[in-house]
file run-v1.tsv (TSV, C-alpha atoms and all ligand atoms)
chain	number	residue	atom	x	y	z
A	12	MET	CA	106.65	-181.13	-36.12
A	13	THR	CA	103.57	-182.91	-37.42
A	14	ARG	CA	102.78	-186.33	-36.03
A	15	LEU	CA	101.23	-188.46	-38.74
A	16	THR	CA	97.83	-189.99	-38.00
A	17	THR	CA	96.33	-193.32	-39.03
A	18	LYS	CA	93.94	-191.34	-41.27
A	19	ASP	CA	96.98	-189.83	-43.08
A	20	ILE	CA	98.62	-193.20	-43.48
A	21	SER	CA	95.96	-195.81	-44.13
A	22	PRO	CA	95.13	-194.82	-47.76
A	23	ILE	CA	98.79	-194.97	-48.85
A	24	ARG	CA	99.18	-198.71	-49.30
A	25	ASP	CA	96.43	-199.13	-51.89
A	26	ARG	CA	97.49	-196.03	-53.83
A	27	LEU	CA	101.17	-196.88	-54.35
A	28	ALA	CA	100.89	-198.01	-57.98
A	29	ASP	CA	98.67	-195.01	-58.88
A	30	TYR	CA	101.05	-192.59	-57.17
A	31	ASP	CA	104.00	-194.17	-58.95
A	32	ARG	CA	102.23	-193.63	-62.30
A	33	GLU	CA	101.48	-190.02	-61.32
A	34	LEU	CA	105.14	-189.39	-60.44
A	35	THR	CA	106.30	-190.97	-63.69
A	36	GLN	CA	103.90	-188.83	-65.70
A	37	LYS	CA	104.90	-185.61	-63.94
A	38	THR	CA	108.67	-186.14	-63.62
A	39	GLY	CA	109.61	-188.89	-66.07
A	40	LEU	CA	110.92	-190.93	-63.14
A	41	THR	CA	109.31	-193.58	-60.95
A	42	MET	CA	109.23	-193.30	-57.16
A	43	LEU	CA	112.42	-195.36	-56.93
A	44	GLY	CA	113.93	-193.46	-59.86
A	45	LEU	CA	113.28	-190.12	-58.14
A	46	ALA	CA	114.76	-191.41	-54.88
A	47	CYS	CA	117.90	-192.60	-56.72
A	48	HIS	CA	118.13	-189.31	-58.61
A	49	ALA	CA	117.93	-187.32	-55.36
A	50	MET	CA	120.43	-189.53	-53.53
A	51	GLY	CA	122.89	-189.75	-56.44
A	52	LYS	CA	122.55	-193.54	-56.78
A	53	ASP	CA	122.37	-195.66	-59.92
A	54	LEU	CA	118.80	-196.94	-60.40
A	55	ASP	CA	119.76	-200.20	-62.11
A	56	ALA	CA	122.26	-201.05	-59.37
A	57	VAL	CA	119.67	-200.31	-56.66
A	58	ILE	CA	117.03	-202.44	-58.44
A	59	GLN	CA	119.53	-205.29	-58.65
A	60	ARG	CA	120.41	-205.17	-54.94
A	61	ALA	CA	117.03	-204.27	-53.42
A	62	GLY	CA	115.53	-207.77	-53.52
A	63	SER	CA	118.21	-209.17	-51.25
A	64	PHE	CA	118.48	-206.12	-48.96
A	65	SER	CA	116.33	-206.75	-45.89
A	66	ILE	CA	114.89	-203.83	-43.95
A	67	GLN	CA	112.98	-204.44	-40.72
A	68	VAL	CA	110.63	-201.71	-39.55
A	69	ILE	CA	110.59	-201.56	-35.75
A	70	PRO	CA	107.51	-200.26	-33.90
A	71	ASN	CA	108.54	-197.58	-31.40
A	72	THR	CA	106.37	-197.11	-28.30
A	73	SER	CA	108.19	-194.08	-26.86
A	74	GLY	CA	106.49	-190.68	-26.49
A	75	GLN	CA	102.98	-190.76	-27.87
A	76	GLY	CA	103.49	-194.37	-28.88
A	77	ILE	CA	102.41	-196.51	-31.79
A	78	ILE	CA	100.52	-195.04	-34.73
A	79	SER	CA	98.31	-197.78	-36.07
A	80	ASP	CA	99.34	-198.64	-39.67
A	81	PHE	CA	102.61	-196.63	-39.55
A	82	CYS	CA	105.07	-199.53	-39.57
A	83	THR	CA	102.98	-201.75	-41.85
A	84	THR	CA	102.69	-198.88	-44.36
A	85	VAL	CA	106.44	-198.10	-44.28
A	86	SER	CA	107.10	-201.80	-44.84
A	87	ALA	CA	104.49	-201.94	-47.66
A	88	ILE	CA	106.22	-198.99	-49.40
A	89	LEU	CA	109.59	-200.77	-49.13
A	90	THR	CA	108.14	-204.04	-50.43
A	91	TYR	CA	106.43	-202.18	-53.30
A	92	LEU	CA	109.82	-200.68	-54.24
A	93	GLY	CA	111.37	-204.15	-54.39
A	94	PHE	CA	113.14	-204.29	-51.02
A	95	LYS	CA	112.88	-207.29	-48.72
A	96	SER	CA	110.95	-205.86	-45.81
A	97	ARG	CA	108.82	-206.79	-42.82
A	98	VAL	CA	107.62	-205.26	-39.60
A	99	ALA	CA	109.70	-206.54	-36.69
A	100	SER	CA	107.79	-208.95	-34.47
A	101	GLU	CA	108.89	-207.04	-31.35
A	102	SER	CA	109.06	-203.31	-30.67
A	103	ASP	CA	111.73	-200.98	-29.29
A	104	VAL	CA	114.97	-202.44	-27.91
A	105	ALA	CA	113.79	-206.04	-28.34
A	106	GLY	CA	113.03	-205.25	-31.97
A	107	PHE	CA	116.58	-203.92	-32.49
A	108	ALA	CA	118.07	-206.99	-30.78
A	109	HIS	CA	116.00	-209.30	-32.96
A	110	ALA	CA	116.92	-207.41	-36.14
A	111	PHE	CA	120.64	-207.89	-35.35
A	112	THR	CA	120.32	-211.58	-34.47
A	113	SER	CA	118.11	-212.35	-37.48
A	114	ASN	CA	120.69	-210.76	-39.83
A	115	ALA	CA	118.59	-207.86	-41.10
A	116	ASP	CA	120.64	-205.57	-43.32
A	117	ALA	CA	118.92	-202.42	-42.05
A	118	VAL	CA	116.22	-201.16	-39.71
A	119	MET	CA	113.90	-198.16	-39.73
A	120	THR	CA	112.12	-196.75	-36.69
A	121	ALA	CA	110.39	-193.49	-35.70
A	122	ASP	CA	109.61	-191.69	-32.47
A	123	ASP	CA	107.72	-188.40	-32.22
A	124	LEU	CA	110.69	-186.31	-33.40
A	125	THR	CA	112.87	-188.48	-35.59
A	126	PHE	CA	112.29	-191.13	-38.24
A	127	ALA	CA	115.63	-192.77	-38.96
A	128	GLY	CA	117.10	-195.75	-40.78
A	129	PHE	CA	120.28	-197.64	-39.89
A	130	ASN	CA	122.38	-199.91	-42.10
A	131	LEU	CA	123.53	-202.59	-39.65
A	132	HIS	CA	126.67	-203.40	-41.68
A	133	THR	CA	127.99	-200.02	-42.76
A	134	ARG	CA	126.69	-197.87	-39.84
A	135	LYS	CA	125.08	-195.54	-42.39
A	136	VAL	CA	122.28	-193.56	-40.70
A	137	THR	CA	119.58	-191.87	-42.75
A	138	ASP	CA	117.17	-189.21	-41.51
A	139	ASN	CA	113.68	-188.93	-42.95
A	140	SER	CA	113.48	-185.13	-42.67
A	141	ALA	CA	116.73	-184.56	-44.56
A	142	VAL	CA	116.09	-187.01	-47.39
A	143	THR	CA	112.47	-185.86	-47.71
A	144	GLY	CA	113.71	-182.30	-48.33
A	145	TRP	CA	116.20	-183.55	-50.91
A	146	VAL	CA	113.79	-185.77	-52.81
A	147	PHE	CA	111.01	-183.16	-52.98
A	148	ALA	CA	113.48	-180.53	-54.25
A	149	SER	CA	114.70	-183.02	-56.87
A	150	ALA	CA	111.10	-183.84	-57.84
A	151	LEU	CA	110.45	-180.13	-58.38
A	152	ASP	CA	113.56	-179.89	-60.56
A	153	ARG	CA	112.26	-182.78	-62.68
A	154	MET	CA	108.72	-181.38	-62.92
A	155	VAL	CA	109.59	-177.81	-63.96
A	156	HIS	CA	110.21	-177.31	-67.67
A	157	GLY	CA	113.98	-176.81	-68.06
A	158	GLY	CA	114.66	-177.63	-64.37
A	159	ILE	CA	115.16	-175.18	-61.50
A	160	ALA	CA	118.76	-174.14	-62.27
A	161	GLY	CA	118.86	-170.34	-62.49
A	162	LYS	CA	115.25	-170.06	-61.25
A	163	LYS	CA	113.97	-168.60	-57.99
A	164	VAL	CA	112.46	-171.30	-55.75
A	165	LEU	CA	110.36	-170.46	-52.70
A	166	ILE	CA	110.98	-172.78	-49.75
A	167	ALA	CA	108.12	-172.28	-47.32
A	168	GLY	CA	108.78	-173.61	-43.82
A	169	CYS	CA	112.28	-173.37	-42.37
A	170	GLY	CA	112.33	-176.54	-40.26
A	171	PRO	CA	114.57	-179.56	-41.01
A	172	VAL	CA	112.69	-180.56	-44.20
A	173	GLY	CA	112.71	-176.99	-45.54
A	174	GLU	CA	116.40	-176.57	-44.75
A	175	ALA	CA	117.30	-179.81	-46.52
A	176	ALA	CA	115.17	-178.78	-49.52
A	177	ALA	CA	116.90	-175.39	-49.65
A	178	ARG	CA	120.34	-177.05	-49.60
A	179	GLN	CA	119.31	-179.32	-52.48
A	180	VAL	CA	117.92	-176.34	-54.44
A	181	ILE	CA	121.31	-174.64	-54.07
A	182	ASP	CA	123.06	-177.86	-55.10
A	183	ILE	CA	120.95	-177.90	-58.29
A	184	ARG	CA	121.87	-174.19	-58.79
A	185	GLY	CA	118.41	-172.82	-58.13
A	186	ILE	CA	118.09	-169.55	-56.19
A	187	PRO	CA	116.31	-170.20	-52.88
A	188	GLY	CA	113.89	-167.82	-51.23
A	189	VAL	CA	113.18	-168.81	-47.63
A	190	TYR	CA	109.86	-168.05	-45.97
A	191	ASP	CA	108.50	-168.80	-42.52
A	192	LEU	CA	105.78	-167.23	-40.41
A	193	ASP	CA	108.53	-166.86	-37.80
A	194	ALA	CA	110.90	-164.30	-39.37
A	195	ASP	CA	113.68	-165.29	-36.93
A	196	LYS	CA	113.65	-168.81	-38.37
A	197	SER	CA	113.84	-167.72	-42.02
A	198	GLY	CA	116.54	-165.15	-41.17
A	199	ALA	CA	118.60	-167.77	-39.33
A	200	LEU	CA	118.26	-170.27	-42.19
A	201	ALA	CA	119.24	-167.68	-44.78
A	202	ALA	CA	122.34	-166.83	-42.71
A	203	ARG	CA	123.27	-170.54	-42.35
A	204	LEU	CA	122.88	-171.17	-46.08
A	205	SER	CA	124.93	-168.10	-47.01
A	206	ASN	CA	127.66	-168.97	-44.50
A	207	ASP	CA	127.84	-172.70	-45.32
A	208	LEU	CA	127.36	-172.59	-49.07
A	209	GLY	CA	128.13	-168.99	-50.03
A	210	SER	CA	124.86	-168.93	-51.88
A	211	GLU	CA	122.58	-166.03	-52.73
A	212	VAL	CA	119.46	-166.50	-50.55
A	213	ILE	CA	116.33	-164.37	-50.74
A	214	THR	CA	114.62	-163.80	-47.38
A	215	VAL	CA	110.91	-163.39	-47.94
A	216	ASP	CA	108.41	-161.30	-45.99
A	217	THR	CA	106.12	-163.17	-43.56
A	218	ASP	CA	103.05	-162.27	-45.63
A	219	PRO	CA	101.99	-165.24	-47.87
A	220	ALA	CA	100.99	-162.90	-50.70
A	221	ALA	CA	104.44	-161.29	-50.72
A	222	ALA	CA	106.03	-164.72	-50.54
A	223	LEU	CA	104.08	-166.36	-53.33
A	224	GLY	CA	103.84	-163.33	-55.60
A	225	SER	CA	107.35	-163.47	-57.02
A	226	PHE	CA	108.07	-167.20	-57.27
A	227	SER	CA	106.90	-169.63	-59.93
A	228	CYS	CA	108.47	-172.68	-58.23
A	229	VAL	CA	107.42	-173.57	-54.68
A	230	ILE	CA	108.31	-176.19	-52.07
A	231	ASP	CA	105.75	-176.19	-49.25
A	232	ALA	CA	107.50	-177.69	-46.22
A	233	THR	CA	105.29	-176.00	-43.63
A	234	PRO	CA	103.17	-177.85	-41.07
A	235	ALA	CA	100.42	-175.25	-41.58
A	236	SER	CA	97.12	-176.18	-43.22
A	237	GLU	CA	95.55	-174.11	-45.99
A	238	TRP	CA	97.88	-171.12	-45.67
A	239	ILE	CA	98.12	-170.70	-49.45
A	240	PRO	CA	95.20	-168.64	-50.83
A	241	ASP	CA	93.66	-170.12	-54.01
A	242	SER	CA	93.84	-166.65	-55.59
A	243	LEU	CA	97.68	-166.73	-55.58
A	244	LEU	CA	98.09	-170.01	-57.45
A	245	GLY	CA	97.93	-168.71	-61.05
A	246	PRO	CA	101.63	-167.82	-61.53
A	247	ILE	CA	102.90	-170.99	-59.82
A	248	ALA	CA	104.37	-173.28	-62.49
A	249	ALA	CA	105.11	-176.19	-60.16
A	250	MET	CA	104.86	-177.05	-56.48
A	251	THR	CA	106.07	-179.95	-54.41
A	252	ALA	CA	104.66	-180.31	-50.93
A	253	PRO	CA	106.25	-182.54	-48.31
A	254	GLY	CA	104.47	-180.56	-45.57
A	255	VAL	CA	101.75	-182.29	-43.55
A	256	PRO	CA	98.98	-181.17	-43.66
A	257	PRO	CA	99.14	-179.60	-47.13
A	258	GLY	CA	99.11	-175.81	-47.31
A	259	LEU	CA	96.62	-175.85	-50.18
A	260	SER	CA	92.84	-175.92	-49.79
A	261	GLU	CA	90.85	-178.73	-51.47
A	262	THR	CA	90.11	-176.33	-54.32
A	263	GLY	CA	93.75	-175.26	-54.44
A	264	ARG	CA	94.79	-178.88	-54.78
A	265	ASP	CA	92.39	-179.34	-57.71
A	266	ILE	CA	93.74	-176.20	-59.39
A	267	MET	CA	97.38	-177.26	-58.91
A	268	GLU	CA	96.87	-180.99	-59.55
A	269	PRO	CA	98.70	-181.21	-62.92
A	270	ARG	CA	101.71	-179.37	-61.47
A	271	LEU	CA	101.70	-180.61	-57.86
A	272	ILE	CA	103.49	-183.45	-56.09
A	273	HIS	CA	102.41	-184.10	-52.51
A	274	ASP	CA	102.68	-187.13	-50.28
A	275	LYS	CA	102.93	-187.85	-46.60
A	276	LEU	CA	105.40	-190.74	-46.49
A	277	GLU	CA	106.16	-192.45	-49.80
A	278	LEU	CA	109.01	-190.44	-51.39
A	279	GLY	CA	110.74	-189.94	-48.03
A	280	VAL	CA	110.72	-193.68	-47.27
A	281	ALA	CA	111.95	-194.44	-50.80
A	282	ALA	CA	114.83	-191.98	-50.37
A	283	MET	CA	115.72	-193.46	-46.95
A	284	ALA	CA	115.90	-196.97	-48.41
A	285	VAL	CA	118.04	-195.83	-51.33
A	286	ASP	CA	120.30	-193.94	-48.92
A	287	LEU	CA	120.78	-197.10	-46.83
A	288	ILE	CA	121.59	-199.54	-49.63
A	289	PRO	CA	125.36	-199.68	-50.19
A	301	LIG	O1	105.35	-189.03	-37.47
A	301	LIG	C1	106.33	-189.11	-36.75
A	301	LIG	C2	107.20	-187.93	-36.42
A	301	LIG	N1	106.54	-186.73	-36.76
A	301	LIG	C3	108.56	-188.02	-37.07
A	301	LIG	C4	108.62	-187.50	-38.48
A	301	LIG	C5	110.04	-187.24	-38.93
A	301	LIG	N2	110.06	-186.62	-40.24
A	301	LIG	N3	106.68	-190.25	-36.16
A	301	LIG	C6	105.99	-191.50	-36.34
A	301	LIG	C7	105.87	-192.24	-35.04
A	301	LIG	C8	105.60	-193.72	-35.25
A	301	LIG	C9	105.34	-194.52	-33.98
A	301	LIG	N4	106.30	-194.32	-32.95
A	301	LIG	C10	105.27	-195.99	-34.36
A	301	LIG	O2	104.18	-196.43	-34.79
A	301	LIG	O3	106.26	-196.71	-34.24

call {"tool": "encode", "arguments": {"input": "run-v1.tsv", "output": "structure tokens"}}
result
Amino acid sequence: MTRLTTKDISPIRDRLADYDRELTQKTGLTMLGLACHAMGKDLDAVIQRAGSFSIQVIPNTSGQGIISDFCTTVSAILTYLGFKSRVASESDVAGFAHAFTSNADAVMTADDLTFAGFNLHTRKVTDNSAVTGWVFASALDRMVHGGIAGKKVLIAGCGPVGEAAARQVIDIRGIPGVYDLDADKSGALAARLSNDLGSEVITVDTDPAAALGSFSCVIDATPASEWIPDSLLGPIAAMTAPGVPPGLSETGRDIMEPRLIHDKLELGVAAMAVDLIP
């Protein structure tokens, strides 16, 4: 699992309005609109409640510790979306205690493995990996002409984000193809999806050319950098990329720009907040 760095995070805050415009242009929905769409919530109701829903972001020193700018950026995203948010003044257990006693409605916190949110009233728990998979699959559905229903969608990377994305693709009635450099992982995911959801799942060869050759819709949920050759981008109609770092080269990103959605934190945080609001 990729640990975000300050370099990944620090540009986000100043780009929120631009990114929101980009999402609107590519999907017809704002960042909050996409999050609501993915989580099955009513946008107007969320907008109405967000301003009085307080979310404290608690710094977490466990494992490799604090990432400078992580909590302030999560809180800036929440504030941008209209939620009442601040970074907790204390970290870890003291931060949780203070959030309860100061009547926060929800908290968010991340260690090296898990980024989770907790509604302190309803006990709803939201997981960043799961909702990130859902919201990027939904964004792809919105970006592709006619949606992904009935279309083959390549899900590259069979970790928690890829699995969640694949489940959402099936929910939207797309046909998932699962790809991972580790064939055991893609085979196991295909078996889980078939067993749990009775869905047709295509298991794709571990060669990127074989994987990309027969899919026009792609979700890149791998943690691998630049694994997608520029020469294979032509037939790809749309790609969403929650994976960090991105699998495209700089040139690949320029080629795909009009049909690419990629971010490192924003849509996942938006989906977590929407998931937490009752
Ligand atoms: O970046 C991460 C992990 N890779 C979890 C991602 C889950 N999708 N965690 C951030 C750690 C933040 C740090 N503990 C802090 O500043 O509080």

call {"tool": "residues_near_ligand", "arguments": {"input": "run-v1.tsv", "ligand": "ligand LIG 301 (chain A)", "cutoff": "6 Å", "atoms": "all atoms listed in the file", "output": "PyMOL selection string"}}
result
chain A and resi 12-15+70-72+76-78+81-82+121-126+139-140

call {"tool": "residues_around", "arguments": {"input": "run-v1.tsv", "residues": "Thr120 (chain A)", "least_positions_apart": "5", "cutoff": "6 Å", "atoms": "all atoms listed in the file", "output": "PDB file with C-alpha atoms, keeping the file's coordinate frame"}}
result
ATOM      1  CA  VAL A  68     110.630-201.710 -39.550  1.00  0.00           C
ATOM      2  CA  ILE A  69     110.590-201.560 -35.750  1.00  0.00           C
ATOM      3  CA  PHE A 126     112.290-191.130 -38.240  1.00  0.00           C
ATOM      4  CA  ALA A 127     115.630-192.770 -38.960  1.00  0.00           C
TER       5      ALA A 127
END

call {"tool": "atom_distance", "arguments": {"input": "run-v1.tsv", "atom1": "CA of Ile183 (chain A)", "atom2": "CA of Met50 (chain A)"}}
result
12.6 Å

call {"tool": "atom_distance", "arguments": {"input": "run-v1.tsv", "atom1": "CA of Asp241 (chain A)", "atom2": "CA of Gly263 (chain A)"}}
result
5.2 Å

call {"tool": "closest_residue", "arguments": {"input": "run-v1.tsv", "among": "A:Ala61, A:Thr83, A:Ile266, A:Asp231", "to": "Ile20 (chain A)", "atoms": "only C-alpha atoms"}}
result
A:Thr83

call {"tool": "closest_residue", "arguments": {"input": "run-v1.tsv", "among": "A:Ile159, A:Ile23, A:Leu200, A:Ala194", "to": "Val180 (chain A)", "atoms": "only C-alpha atoms"}}
result
A:Ile159

call {"tool": "closest_residue", "arguments": {"input": "run-v1.tsv", "among": "A:Trp238, A:Tyr190, A:Phe129, A:Phe64", "to": "Gly93 (chain A)", "atoms": "only C-alpha atoms"}}
result
A:Phe64

call {"tool": "residues_near_point", "arguments": {"input": "run-v1.tsv", "point": "(118.2, -194.3, -63.6)", "cutoff": "12 Å", "atoms": "all atoms listed in the file", "output": "PyMOL selection string"}}
result
chain A and resi 39-58

call {"tool": "atom_distance", "arguments": {"input": "run-v1.tsv", "atom1": "CA of Ile181 (chain A)", "atom2": "CA of Ser210 (chain A)"}}
result
7.1 Å

call {"tool": "residues_near_point", "arguments": {"input": "run-v1.tsv", "point": "(124.5, -197.8, -44.8)", "cutoff": "9 Å", "atoms": "all atoms listed in the file", "output": "ChimeraX atom specification"}}
result
/A:116-117,128-137,286-289

call {"tool": "write_last_selection", "arguments": {"input": "run-v1.tsv", "atoms": "C-alpha atoms", "output": "mmCIF file, in the coordinates of the input"}}
result
data_model
loop_
_atom_site.group_PDB
_atom_site.id
_atom_site.type_symbol
_atom_site.label_atom_id
_atom_site.label_comp_id
_atom_site.auth_asym_id
_atom_site.auth_seq_id
_atom_site.Cartn_x
_atom_site.Cartn_y
_atom_site.Cartn_z
ATOM 1 C CA ASP A 116 120.640 -205.570 -43.320
ATOM 2 C CA ALA A 117 118.920 -202.420 -42.050
ATOM 3 C CA GLY A 128 117.100 -195.750 -40.780
ATOM 4 C CA PHE A 129 120.280 -197.640 -39.890
ATOM 5 C CA ASN A 130 122.380 -199.910 -42.100
ATOM 6 C CA LEU A 131 123.530 -202.590 -39.650
ATOM 7 C CA HIS A 132 126.670 -203.400 -41.680
ATOM 8 C CA THR A 133 127.990 -200.020 -42.760
ATOM 9 C CA ARG A 134 126.690 -197.870 -39.840
ATOM 10 C CA LYS A 135 125.080 -195.540 -42.390
ATOM 11 C CA VAL A 136 122.280 -193.560 -40.700
ATOM 12 C CA THR A 137 119.580 -191.870 -42.750
ATOM 13 C CA ASP A 286 120.300 -193.940 -48.920
ATOM 14 C CA LEU A 287 120.780 -197.100 -46.830
ATOM 15 C CA ILE A 288 121.590 -199.540 -49.630
ATOM 16 C CA PRO A 289 125.360 -199.680 -50.190
#

call {"tool": "closest_residue", "arguments": {"input": "run-v1.tsv", "among": "A:Gly173, A:Asp31, A:Asp152, A:Trp145", "to": "Tyr91 (chain A)", "atoms": "only C-alpha atoms"}}
result
A:Asp31

call {"tool": "closest_residue", "arguments": {"input": "run-v1.tsv", "among": "A:Ala284, A:Leu271, A:Ala177, A:Leu223", "to": "Gln67 (chain A)", "atoms": "only C-alpha atoms"}}
result
A:Ala284

call {"tool": "residues_around", "arguments": {"input": "run-v1.tsv", "residues": "Asp80 (chain A)", "least_positions_apart": "5", "cutoff": "10 Å", "atoms": "all atoms listed in the file", "output": "ChimeraX atom specification"}}
result
/A:16-24,85-86

call {"tool": "closest_residue", "arguments": {"input": "run-v1.tsv", "among": "A:Ser63, A:Ile88, A:Thr251, A:His156", "to": "Ala115 (chain A)", "atoms": "all atoms listed in the file"}}
result
A:Ser63

call {"tool": "residues_around", "arguments": {"input": "run-v1.tsv", "residues": "Ser236 (chain A)", "least_positions_apart": "6", "cutoff": "10 Å", "atoms": "all atoms listed in the file", "output": "ChimeraX atom specification"}}
result
/A:254-260

call {"tool": "build_atoms", "arguments": {"input": "run-v1.tsv", "residues": "region 13-33 of chain A", "atoms": "N, CA, C and O atoms", "output": "PDB file, in the coordinates of the input"}}
result
ATOM      1  N   THR A  13     104.864-182.225 -37.322  1.00  0.00           N
ATOM      2  CA  THR A  13     103.570-182.910 -37.420  1.00  0.00           C
ATOM      3  C   THR A  13     103.721-184.392 -37.112  1.00  0.00           C
ATOM      4  O   THR A  13     104.629-185.047 -37.618  1.00  0.00           O
ATOM      5  N   ARG A  14     102.826-184.889 -36.257  1.00  0.00           N
ATOM      6  CA  ARG A  14     102.780-186.330 -36.030  1.00  0.00           C
ATOM      7  C   ARG A  14     101.747-186.893 -36.988  1.00  0.00           C
ATOM      8  O   ARG A  14     100.599-186.440 -37.035  1.00  0.00           O
ATOM      9  N   LEU A  15     102.162-187.866 -37.793  1.00  0.00           N
ATOM     10  CA  LEU A  15     101.230-188.460 -38.740  1.00  0.00           C
ATOM     11  C   LEU A  15     100.102-189.156 -37.978  1.00  0.00           C
ATOM     12  O   LEU A  15     100.290-189.585 -36.836  1.00  0.00           O
ATOM     13  N   THR A  16      98.954-189.275 -38.621  1.00  0.00           N
ATOM     14  CA  THR A  16      97.830-189.990 -38.000  1.00  0.00           C
ATOM     15  C   THR A  16      97.497-191.213 -38.857  1.00  0.00           C
ATOM     16  O   THR A  16      97.879-191.281 -40.036  1.00  0.00           O
ATOM     17  N   THR A  17      96.739-192.128 -38.274  1.00  0.00           N
ATOM     18  CA  THR A  17      96.330-193.320 -39.030  1.00  0.00           C
ATOM     19  C   THR A  17      95.528-192.891 -40.266  1.00  0.00           C
ATOM     20  O   THR A  17      95.652-193.490 -41.337  1.00  0.00           O
ATOM     21  N   LYS A  18      94.737-191.832 -40.120  1.00  0.00           N
ATOM     22  CA  LYS A  18      93.940-191.340 -41.270  1.00  0.00           C
ATOM     23  C   LYS A  18      94.868-190.860 -42.405  1.00  0.00           C
ATOM     24  O   LYS A  18      94.567-191.054 -43.580  1.00  0.00           O
ATOM     25  N   ASP A  19      96.014-190.249 -42.047  1.00  0.00           N
ATOM     26  CA  ASP A  19      96.980-189.830 -43.080  1.00  0.00           C
ATOM     27  C   ASP A  19      97.558-191.053 -43.796  1.00  0.00           C
ATOM     28  O   ASP A  19      97.813-191.023 -44.998  1.00  0.00           O
ATOM     29  N   ILE A  20      97.788-192.098 -42.999  1.00  0.00           N
ATOM     30  CA  ILE A  20      98.620-193.200 -43.480  1.00  0.00           C
ATOM     31  C   ILE A  20      97.829-194.307 -44.176  1.00  0.00           C
ATOM     32  O   ILE A  20      98.290-194.881 -45.164  1.00  0.00           O
ATOM     33  N   SER A  21      96.630-194.587 -43.674  1.00  0.00           N
ATOM     34  CA  SER A  21      95.960-195.810 -44.130  1.00  0.00           C
ATOM     35  C   SER A  21      95.628-195.848 -45.637  1.00  0.00           C
ATOM     36  O   SER A  21      95.632-196.928 -46.212  1.00  0.00           O
ATOM     37  N   PRO A  22      95.399-194.692 -46.314  1.00  0.00           N
ATOM     38  CA  PRO A  22      95.130-194.820 -47.760  1.00  0.00           C
ATOM     39  C   PRO A  22      96.366-195.110 -48.616  1.00  0.00           C
ATOM     40  O   PRO A  22      96.250-195.454 -49.794  1.00  0.00           O
ATOM     41  N   ILE A  23      97.558-194.956 -48.039  1.00  0.00           N
ATOM     42  CA  ILE A  23      98.790-194.970 -48.850  1.00  0.00           C
ATOM     43  C   ILE A  23      99.008-196.302 -49.563  1.00  0.00           C
ATOM     44  O   ILE A  23      99.308-196.353 -50.762  1.00  0.00           O
ATOM     45  N   ARG A  24      98.858-197.367 -48.808  1.00  0.00           N
ATOM     46  CA  ARG A  24      99.180-198.710 -49.300  1.00  0.00           C
ATOM     47  C   ARG A  24      98.495-199.043 -50.624  1.00  0.00           C
ATOM     48  O   ARG A  24      99.124-199.501 -51.575  1.00  0.00           O
ATOM     49  N   ASP A  25      97.195-198.761 -50.686  1.00  0.00           N
ATOM     50  CA  ASP A  25      96.430-199.130 -51.890  1.00  0.00           C
ATOM     51  C   ASP A  25      96.640-198.155 -53.043  1.00  0.00           C
ATOM     52  O   ASP A  25      96.169-198.405 -54.151  1.00  0.00           O
ATOM     53  N   ARG A  26      97.306-197.035 -52.774  1.00  0.00           N
ATOM     54  CA  ARG A  26      97.490-196.030 -53.830  1.00  0.00           C
ATOM     55  C   ARG A  26      98.907-196.018 -54.406  1.00  0.00           C
ATOM     56  O   ARG A  26      99.246-195.167 -55.228  1.00  0.00           O
ATOM     57  N   LEU A  27      99.754-196.958 -53.961  1.00  0.00           N
ATOM     58  CA  LEU A  27     101.170-196.880 -54.350  1.00  0.00           C
ATOM     59  C   LEU A  27     101.373-196.930 -55.866  1.00  0.00           C
ATOM     60  O   LEU A  27     102.114-196.121 -56.423  1.00  0.00           O
ATOM     61  N   ALA A  28     100.683-197.874 -56.531  1.00  0.00           N
ATOM     62  CA  ALA A  28     100.890-198.010 -57.980  1.00  0.00           C
ATOM     63  C   ALA A  28     100.369-196.753 -58.699  1.00  0.00           C
ATOM     64  O   ALA A  28     101.009-196.250 -59.638  1.00  0.00           O
ATOM     65  N   ASP A  29      99.213-196.231 -58.255  1.00  0.00           N
ATOM     66  CA  ASP A  29      98.670-195.010 -58.880  1.00  0.00           C
ATOM     67  C   ASP A  29      99.620-193.835 -58.677  1.00  0.00           C
ATOM     68  O   ASP A  29      99.868-193.052 -59.594  1.00  0.00           O
ATOM     69  N   TYR A  30     100.136-193.713 -57.460  1.00  0.00           N
ATOM     70  CA  TYR A  30     101.050-192.590 -57.170  1.00  0.00           C
ATOM     71  C   TYR A  30     102.326-192.722 -58.000  1.00  0.00           C
ATOM     72  O   TYR A  30     102.846-191.729 -58.518  1.00  0.00           O
ATOM     73  N   ASP A  31     102.796-193.942 -58.155  1.00  0.00           N
ATOM     74  CA  ASP A  31     104.000-194.170 -58.950  1.00  0.00           C
ATOM     75  C   ASP A  31     103.760-193.733 -60.406  1.00  0.00           C
ATOM     76  O   ASP A  31     104.609-193.074 -61.025  1.00  0.00           O
ATOM     77  N   ARG A  32     102.575-194.063 -60.926  1.00  0.00           N
ATOM     78  CA  ARG A  32     102.230-193.630 -62.300  1.00  0.00           C
ATOM     79  C   ARG A  32     102.171-192.110 -62.383  1.00  0.00           C
ATOM     80  O   ARG A  32     102.637-191.501 -63.339  1.00  0.00           O
ATOM     81  N   GLU A  33     101.583-191.489 -61.338  1.00  0.00           N
ATOM     82  CA  GLU A  33     101.480-190.020 -61.320  1.00  0.00           C
ATOM     83  C   GLU A  33     102.879-189.392 -61.331  1.00  0.00           C
ATOM     84  O   GLU A  33     103.158-188.450 -62.084  1.00  0.00           O
TER      85      GLU A  33
END
